[in-house]
>>> print(open('model-v4.cif').read())   # mmCIF, C-alpha atoms and all ligand atoms
data_start
#
loop_
_atom_site.label_atom_id
_atom_site.label_comp_id
_atom_site.auth_asym_id
_atom_site.auth_seq_id
_atom_site.Cartn_x
_atom_site.Cartn_y
_atom_site.Cartn_z
CA MET X 1 -9.36 4.14 -32.71
CA SER X 2 -10.32 2.22 -29.56
CA THR X 3 -10.18 -1.55 -29.58
CA ALA X 4 -13.21 -3.76 -29.27
CA PRO X 5 -12.18 -5.51 -26.03
CA GLU X 6 -11.77 -2.12 -24.32
CA LEU X 7 -15.16 -1.07 -25.47
CA PHE X 8 -16.87 -4.18 -24.26
CA SER X 9 -15.08 -4.32 -20.94
CA ALA X 10 -16.17 -0.69 -20.52
CA ALA X 11 -19.75 -1.60 -21.39
CA PRO X 12 -20.34 -5.12 -20.12
CA GLU X 13 -24.08 -4.72 -20.47
CA MET X 14 -23.71 -4.59 -24.27
CA LEU X 15 -25.56 -7.44 -25.92
CA ILE X 16 -25.69 -8.93 -29.40
CA ARG X 17 -29.03 -10.64 -29.87
CA GLN X 18 -31.64 -11.63 -32.43
CA MET X 19 -33.51 -8.71 -34.03
CA ARG X 20 -37.18 -8.63 -33.02
CA PRO X 21 -40.11 -7.08 -34.89
CA LEU X 22 -40.25 -4.35 -32.22
CA ASP X 23 -36.62 -3.39 -33.08
CA VAL X 24 -37.42 -2.61 -36.70
CA ALA X 25 -38.36 1.05 -36.14
CA ASP X 26 -34.98 1.75 -34.47
CA VAL X 27 -33.17 -0.25 -37.16
CA VAL X 28 -34.88 1.70 -39.94
CA ALA X 29 -33.99 5.01 -38.26
CA ILE X 30 -30.28 4.05 -38.26
CA GLU X 31 -30.57 2.68 -41.80
CA HIS X 32 -32.07 5.91 -43.16
CA ALA X 33 -29.47 8.05 -41.37
CA SER X 34 -26.63 5.87 -42.70
CA TYR X 35 -27.32 5.16 -46.37
CA GLN X 36 -28.25 7.34 -49.31
CA PHE X 37 -30.35 4.47 -50.65
CA PRO X 38 -31.63 2.74 -47.52
CA TRP X 39 -33.58 -0.49 -47.15
CA SER X 40 -37.26 0.02 -46.39
CA GLU X 41 -39.01 -1.21 -43.26
CA GLY X 42 -40.63 -3.88 -45.43
CA ILE X 43 -37.24 -5.30 -46.43
CA PHE X 44 -36.23 -5.72 -42.78
CA ARG X 45 -39.57 -7.35 -41.97
CA ASP X 46 -39.12 -9.69 -44.95
CA CYS X 47 -35.62 -10.61 -43.72
CA LEU X 48 -37.13 -11.58 -40.34
CA ARG X 49 -40.02 -13.42 -41.99
CA VAL X 50 -37.84 -15.59 -44.25
CA GLY X 51 -35.51 -16.45 -41.38
CA TYR X 52 -32.33 -14.60 -42.30
CA LEU X 53 -29.96 -14.16 -39.38
CA CYS X 54 -30.75 -10.65 -38.14
CA ARG X 55 -28.72 -9.47 -35.13
CA VAL X 56 -28.73 -6.22 -33.18
CA VAL X 57 -26.30 -4.68 -30.71
CA THR X 58 -27.95 -3.08 -27.71
CA VAL X 59 -27.12 -1.49 -24.40
CA GLY X 60 -30.27 -1.48 -22.34
CA GLN X 61 -32.98 -0.02 -24.54
CA VAL X 62 -30.53 1.64 -26.95
CA LEU X 63 -30.04 -0.12 -30.28
CA MET X 64 -26.61 0.74 -31.70
CA GLY X 65 -26.29 -1.37 -34.82
CA TYR X 66 -27.42 -4.42 -36.71
CA GLY X 67 -26.35 -7.05 -39.20
CA VAL X 68 -28.28 -9.25 -41.62
CA MET X 69 -26.97 -12.47 -43.15
CA SER X 70 -28.44 -15.24 -45.28
CA THR X 71 -26.98 -18.74 -45.44
CA GLY X 72 -27.50 -21.57 -47.86
CA ALA X 73 -25.62 -24.13 -49.93
CA GLY X 74 -22.56 -23.81 -47.73
CA GLU X 75 -22.33 -20.04 -48.25
CA ALA X 76 -23.16 -17.01 -46.17
CA HIS X 77 -24.07 -13.63 -47.63
CA ILE X 78 -23.65 -10.58 -45.43
CA LEU X 79 -26.53 -8.45 -46.66
CA ASN X 80 -26.27 -5.50 -44.28
CA LEU X 81 -23.97 -4.32 -41.51
CA CYS X 82 -24.57 -0.93 -39.98
CA VAL X 83 -23.71 0.95 -36.80
CA GLY X 84 -25.47 4.15 -35.76
CA GLU X 85 -23.37 7.20 -36.50
CA ASN X 86 -23.00 8.13 -32.81
CA PHE X 87 -21.63 4.69 -31.95
CA ARG X 88 -19.05 4.15 -34.71
CA CYS X 89 -15.30 3.65 -34.32
CA ARG X 90 -15.72 1.82 -31.00
CA GLY X 91 -15.38 -1.76 -32.25
CA ILE X 92 -19.11 -2.46 -32.59
CA GLY X 93 -19.01 -3.15 -36.34
CA ARG X 94 -16.16 -5.60 -35.89
CA HIS X 95 -17.96 -7.46 -33.09
CA LEU X 96 -21.18 -7.59 -35.05
CA MET X 97 -19.38 -9.03 -38.05
CA PHE X 98 -17.60 -11.60 -35.88
CA ALA X 99 -20.95 -12.56 -34.37
CA LEU X 100 -22.36 -13.17 -37.87
CA ILE X 101 -19.29 -15.14 -38.94
CA GLU X 102 -19.37 -17.23 -35.79
CA ARG X 103 -22.96 -18.17 -36.50
CA ALA X 104 -22.10 -18.99 -40.09
CA ALA X 105 -19.20 -21.19 -38.92
CA ALA X 106 -21.46 -22.94 -36.42
CA ALA X 107 -23.87 -23.66 -39.27
CA GLY X 108 -21.08 -25.34 -41.24
CA VAL X 109 -20.67 -22.53 -43.76
CA ASN X 110 -17.30 -22.45 -45.56
CA GLU X 111 -17.35 -19.04 -47.22
CA ALA X 112 -18.96 -15.66 -46.60
CA PHE X 113 -19.54 -13.12 -49.35
CA LEU X 114 -20.52 -9.49 -49.37
CA GLU X 115 -20.76 -6.52 -51.72
CA VAL X 116 -19.44 -3.09 -50.81
CA ARG X 117 -19.17 0.23 -52.60
CA PRO X 118 -15.52 0.87 -53.51
CA SER X 119 -16.02 4.38 -52.08
CA ASN X 120 -16.86 2.94 -48.64
CA THR X 121 -13.36 3.06 -47.20
CA ALA X 122 -14.37 2.46 -43.56
CA ALA X 123 -16.28 -0.73 -44.39
CA ILE X 124 -13.57 -2.04 -46.73
CA ARG X 125 -10.91 -1.51 -44.08
CA LEU X 126 -13.03 -3.37 -41.55
CA TYR X 127 -13.65 -6.28 -43.91
CA GLN X 128 -10.03 -6.55 -45.04
CA SER X 129 -8.81 -6.45 -41.44
CA MET X 130 -11.03 -9.46 -40.78
CA GLY X 131 -9.60 -11.44 -43.67
CA PHE X 132 -12.05 -10.71 -46.48
CA VAL X 133 -10.38 -10.52 -49.88
CA GLN X 134 -11.73 -8.95 -53.05
CA LEU X 135 -12.81 -11.43 -55.72
CA GLY X 136 -13.92 -8.96 -58.37
CA MET X 137 -16.41 -6.25 -59.23
CA ARG X 138 -20.08 -6.27 -60.12
CA ARG X 139 -20.51 -3.49 -62.67
CA GLY X 140 -23.31 -0.99 -62.01
CA TYR X 141 -24.60 -2.98 -59.02
CA TYR X 142 -25.59 -0.03 -56.84
CA GLN X 143 -27.90 2.91 -57.29
CA ALA X 144 -25.93 6.17 -57.20
CA ALA X 145 -26.76 9.87 -57.12
CA VAL X 146 -25.79 9.95 -60.80
CA GLY X 147 -26.06 6.68 -62.70
CA ARG X 148 -24.84 3.51 -61.02
CA GLU X 149 -21.86 2.52 -58.85
CA ASP X 150 -19.92 -0.74 -59.08
CA ALA X 151 -19.74 -3.17 -56.16
CA ALA X 152 -16.59 -4.83 -54.95
CA VAL X 153 -17.29 -8.50 -54.15
CA LEU X 154 -15.40 -9.77 -51.10
CA ARG X 155 -15.05 -13.27 -49.75
CA LEU X 156 -13.97 -14.69 -46.39
CA ARG X 157 -13.00 -18.34 -46.07
CA ILE X 158 -14.41 -19.61 -42.79
CA GLY X 159 -12.55 -22.29 -40.87
CA ALA X 160 -13.88 -24.58 -38.19
CA GLY X 161 -13.43 -22.92 -34.83
CA THR X 162 -13.77 -19.34 -36.12
CA ARG X 163 -14.36 -17.21 -33.01
CA VAL X 164 -14.19 -13.67 -31.70
CA PRO X 165 -10.69 -12.99 -30.41
CA GLY X 166 -10.36 -11.37 -27.04
CA ALA X 167 -13.21 -10.32 -24.84
CA ALA X 168 -16.58 -10.49 -26.50
CA PRO X 169 -19.95 -9.04 -25.57
CA ALA X 170 -22.67 -11.29 -24.30
CA THR X 171 -24.57 -12.97 -27.10
CA GLN X 172 -27.90 -14.73 -27.09
CA PRO X 173 -28.87 -17.54 -29.44
C1 LIG P 201 -18.71 0.20 -41.72
C2 LIG P 201 -19.22 0.29 -40.30
C3 LIG P 201 -20.25 -0.82 -40.07
C4 LIG P 201 -18.06 0.11 -39.32
O1 LIG P 201 -18.58 0.06 -38.00
P1 LIG P 201 -17.75 0.62 -36.75
O2 LIG P 201 -18.42 0.13 -35.52
O3 LIG P 201 -17.56 2.07 -36.87
O4 LIG P 201 -16.35 -0.11 -36.97
P2 LIG P 201 -15.30 -0.53 -35.86
O5 LIG P 201 -15.21 0.52 -34.81
O6 LIG P 201 -15.61 -1.93 -35.42
O7 LIG P 201 -13.93 -0.49 -36.68
C5 LIG P 201 -13.37 -1.67 -37.20
C6 LIG P 201 -12.36 -1.32 -38.27
O8 LIG P 201 -13.03 -0.71 -39.38
C7 LIG P 201 -12.19 0.29 -39.96
N1 LIG P 201 -12.85 1.58 -39.82
C8 LIG P 201 -13.99 1.83 -39.15
N2 LIG P 201 -14.34 3.13 -39.29
C9 LIG P 201 -13.40 3.69 -40.07
C10 LIG P 201 -13.21 4.99 -40.60
N3 LIG P 201 -14.08 5.99 -40.34
N4 LIG P 201 -12.15 5.21 -41.41
C11 LIG P 201 -11.27 4.22 -41.69
N5 LIG P 201 -11.39 2.95 -41.21
C12 LIG P 201 -12.44 2.70 -40.41
C13 LIG P 201 -10.88 0.24 -39.21
O9 LIG P 201 -10.05 -0.70 -39.87
C14 LIG P 201 -11.32 -0.32 -37.86
O10 LIG P 201 -10.28 -0.98 -37.19
P3 LIG P 201 -9.40 -0.20 -36.06
O11 LIG P 201 -10.37 0.23 -35.02
O12 LIG P 201 -8.47 -1.28 -35.57
O13 LIG P 201 -8.73 0.92 -36.77
C15 LIG P 201 -19.83 1.69 -40.02
O14 LIG P 201 -18.94 2.69 -40.45
C16 LIG P 201 -21.18 1.92 -40.68
O15 LIG P 201 -22.21 1.50 -40.16
N6 LIG P 201 -21.17 2.60 -41.83
C17 LIG P 201 -22.44 2.93 -42.52
C18 LIG P 201 -23.09 1.70 -43.09
C19 LIG P 201 -22.17 0.96 -44.04
O16 LIG P 201 -21.52 1.56 -44.89
N7 LIG P 201 -22.14 -0.37 -43.89
C20 LIG P 201 -21.34 -1.23 -44.73
C21 LIG P 201 -22.09 -1.54 -45.98
S1 LIG P 201 -21.16 -2.66 -47.03
#
>>> encode(input="model-v4.cif", output="structure tokens", more="lines below")
Ligand SMILES: CC(C)(COP(=O)(O)OP(=O)(O)OC[C@H]1O[C@@H](n2cnc3c(N)ncnc32)[C@H](O)[C@@H]1OP(=O)(O)O)[C@@H](O)C(=O)NCCC(=O)NCCS
Amino acid sequence: MSTAPELFSAAPEMLIRQMRPLDVADVVAIEHASYQFPWSEGIFRDCLRVGYLCRVVTVGQVLMGYGVMSTGAGEAHILNLCVGENFRCRGIGRHLMFALIERAAAAGVNEAFLEVRPSNTAAIRLYQSMGFVQLGMRRGYYQAAVGREDAAVLRLRIGAGTRVPGAAPATQP
């Protein structure tokens, strides 16, 4: 699997920036292609409206992935992290997650939490490689094709000075 710095030195025009209302159609297209039970367009618009941190990765006009995070009471919750199928395994998910964590650290957040399906090996490997540890399980948290699926709850302790190691893509506030 290629490393993130290689990717971004190979594509210096890649940008992580705030999601805009005009991005939502592209975001929803990736969301629907990526999840069996996707968020609706309305959920993304609500996330923008209430001021959650919503970031996208783009090269030119092409939107490759996005992340959504809420913060409050000293905690961050990663609510969504997704990379378009054609752009996976190139370090984009890792950079997006670092970008979210950096923003959380800058906001004085101490811990980040997320839920993930235990069957989602790619995401779990990404999160664990970034220092997330499993705290427990939420029983029957997710919709499933048959019945419900549990969620693994992961936590990352965030220190002051948390930053993206190595070369990072350009980011905008
Ligand atoms: C999970 C996801 C965001 C990862 O994005 P990505 O850009 O492909 O990930 P990266 O290229 O940054 O990979 C980072 C690490 O994740 C792990 N990983 C990523 N894809 C993997 C795969 N197919 N199999 C195993 N591990 C994988 C590896 O540990 C990898 O590190 P490495 O490159 O040093 O081996 C992406 O697969 C995705 O969007 N999946 C669908 C949506 C989803 O499930 N989101 C998570 C919901 S909790």
>>> residues_near_ligand(input="model-v4.cif", ligand="ligand LIG 201 (chain P)", cutoff="8 Å", atoms="all atoms listed in the file", output="PDB file with C-alpha atoms, keeping the file's coordinate frame")
ATOM      1  CA  MET X   1      -9.360   4.140 -32.710  1.00  0.00           C
ATOM      2  CA  SER X   2     -10.320   2.220 -29.560  1.00  0.00           C
ATOM      3  CA  THR X   3     -10.180  -1.550 -29.580  1.00  0.00           C
ATOM      4  CA  ALA X   4     -13.210  -3.760 -29.270  1.00  0.00           C
ATOM      5  CA  GLU X  31     -30.570   2.680 -41.800  1.00  0.00           C
ATOM      6  CA  SER X  34     -26.630   5.870 -42.700  1.00  0.00           C
ATOM      7  CA  TYR X  35     -27.320   5.160 -46.370  1.00  0.00           C
ATOM      8  CA  GLY X  65     -26.290  -1.370 -34.820  1.00  0.00           C
ATOM      9  CA  LEU X  79     -26.530  -8.450 -46.660  1.00  0.00           C
ATOM     10  CA  ASN X  80     -26.270  -5.500 -44.280  1.00  0.00           C
ATOM     11  CA  LEU X  81     -23.970  -4.320 -41.510  1.00  0.00           C
ATOM     12  CA  CYS X  82     -24.570  -0.930 -39.980  1.00  0.00           C
ATOM     13  CA  VAL X  83     -23.710   0.950 -36.800  1.00  0.00           C
ATOM     14  CA  GLY X  84     -25.470   4.150 -35.760  1.00  0.00           C
ATOM     15  CA  GLU X  85     -23.370   7.200 -36.500  1.00  0.00           C
ATOM     16  CA  PHE X  87     -21.630   4.690 -31.950  1.00  0.00           C
ATOM     17  CA  ARG X  88     -19.050   4.150 -34.710  1.00  0.00           C
ATOM     18  CA  CYS X  89     -15.300   3.650 -34.320  1.00  0.00           C
ATOM     19  CA  ARG X  90     -15.720   1.820 -31.000  1.00  0.00           C
ATOM     20  CA  GLY X  91     -15.380  -1.760 -32.250  1.00  0.00           C
ATOM     21  CA  ILE X  92     -19.110  -2.460 -32.590  1.00  0.00           C
ATOM     22  CA  GLY X  93     -19.010  -3.150 -36.340  1.00  0.00           C
ATOM     23  CA  ARG X  94     -16.160  -5.600 -35.890  1.00  0.00           C
ATOM     24  CA  HIS X  95     -17.960  -7.460 -33.090  1.00  0.00           C
ATOM     25  CA  LEU X  96     -21.180  -7.590 -35.050  1.00  0.00           C
ATOM     26  CA  LEU X 114     -20.520  -9.490 -49.370  1.00  0.00           C
ATOM     27  CA  GLU X 115     -20.760  -6.520 -51.720  1.00  0.00           C
ATOM     28  CA  VAL X 116     -19.440  -3.090 -50.810  1.00  0.00           C
ATOM     29  CA  ARG X 117     -19.170   0.230 -52.600  1.00  0.00           C
ATOM     30  CA  ASN X 120     -16.860   2.940 -48.640  1.00  0.00           C
ATOM     31  CA  THR X 121     -13.360   3.060 -47.200  1.00  0.00           C
ATOM     32  CA  ALA X 122     -14.370   2.460 -43.560  1.00  0.00           C
ATOM     33  CA  ALA X 123     -16.280  -0.730 -44.390  1.00  0.00           C
ATOM     34  CA  ILE X 124     -13.570  -2.040 -46.730  1.00  0.00           C
ATOM     35  CA  ARG X 125     -10.910  -1.510 -44.080  1.00  0.00           C
ATOM     36  CA  LEU X 126     -13.030  -3.370 -41.550  1.00  0.00           C
ATOM     37  CA  TYR X 127     -13.650  -6.280 -43.910  1.00  0.00           C
ATOM     38  CA  GLN X 128     -10.030  -6.550 -45.040  1.00  0.00           C
ATOM     39  CA  SER X 129      -8.810  -6.450 -41.440  1.00  0.00           C
TER      40      SER X 129
END
>>> atom_distance(input="model-v4.cif", atom1="atom CA of X:Pro38", atom2="atom CA of X:Gln143")
10.5 Å
>>> atom_distance(input="model-v4.cif", atom1="atom CA of X:Leu100", atom2="atom CA of X:Met69")
7.0 Å
>>> closest_residue(input="model-v4.cif", among="X:Ile16, X:Phe113, X:Val133, X:Ala105", to="X:Gly159", atoms="all atoms listed in the file")
X:Ala105
>>> residues_around(input="model-v4.cif", residues="X:Glu111", least_positions_apart="4", cutoff="6 Å", atoms="all atoms listed in the file", output="ChimeraX atom specification")
/X:75,156-158
>>> atom_distance(input="model-v4.cif", atom1="atom CA of X:Phe98", atom2="atom CA of X:Met64")
15.8 Å
>>> residues_around(input="model-v4.cif", residues="X:Leu48", least_positions_apart="4", cutoff="8 Å", atoms="all atoms listed in the file", output="PyMOL selection string")
chain X and resi 19-21+44+52-54
>>> residues_around(input="model-v4.cif", residues="X:Phe37", least_positions_apart="4", cutoff="12 Å", atoms="only C-alpha atoms", output="mmCIF file with C-alpha atoms, in the coordinates of the input")
data_model
loop_
_atom_site.group_PDB
_atom_site.id
_atom_site.type_symbol
_atom_site.label_atom_id
_atom_site.label_comp_id
_atom_site.auth_asym_id
_atom_site.auth_seq_id
_atom_site.Cartn_x
_atom_site.Cartn_y
_atom_site.Cartn_z
ATOM 1 C CA VAL X 28 -34.880 1.700 -39.940
ATOM 2 C CA GLU X 31 -30.570 2.680 -41.800
ATOM 3 C CA HIS X 32 -32.070 5.910 -43.160
ATOM 4 C CA ALA X 33 -29.470 8.050 -41.370
ATOM 5 C CA TYR X 142 -25.590 -0.030 -56.840
ATOM 6 C CA GLN X 143 -27.900 2.910 -57.290
ATOM 7 C CA ALA X 144 -25.930 6.170 -57.200
ATOM 8 C CA ALA X 145 -26.760 9.870 -57.120
ATOM 9 C CA ARG X 148 -24.840 3.510 -61.020
ATOM 10 C CA GLU X 149 -21.860 2.520 -58.850
#
>>> closest_residue(input="model-v4.cif", among="X:Ala112, X:Met137, X:Ile101, X:Cys47", to="X:Val24", atoms="all atoms listed in the file")
X:Cys47
>>> residues_around(input="model-v4.cif", residues="X:Gln61", least_positions_apart="4", cutoff="12 Å", atoms="only C-alpha atoms", output="ChimeraX atom specification")
/X:13-15,22-23,26,56-57
>>> closest_residue(input="model-v4.cif", among="X:Ala152, X:Val27, X:Val109, X:Ala99", to="X:Trp39", atoms="only C-alpha atoms")
X:Val27
>>> closest_residue(input="model-v4.cif", among="X:Thr71, X:Ser119, X:Asn86, X:Gln134", to="X:Ala107", atoms="all atoms listed in the file")
X:Thr71
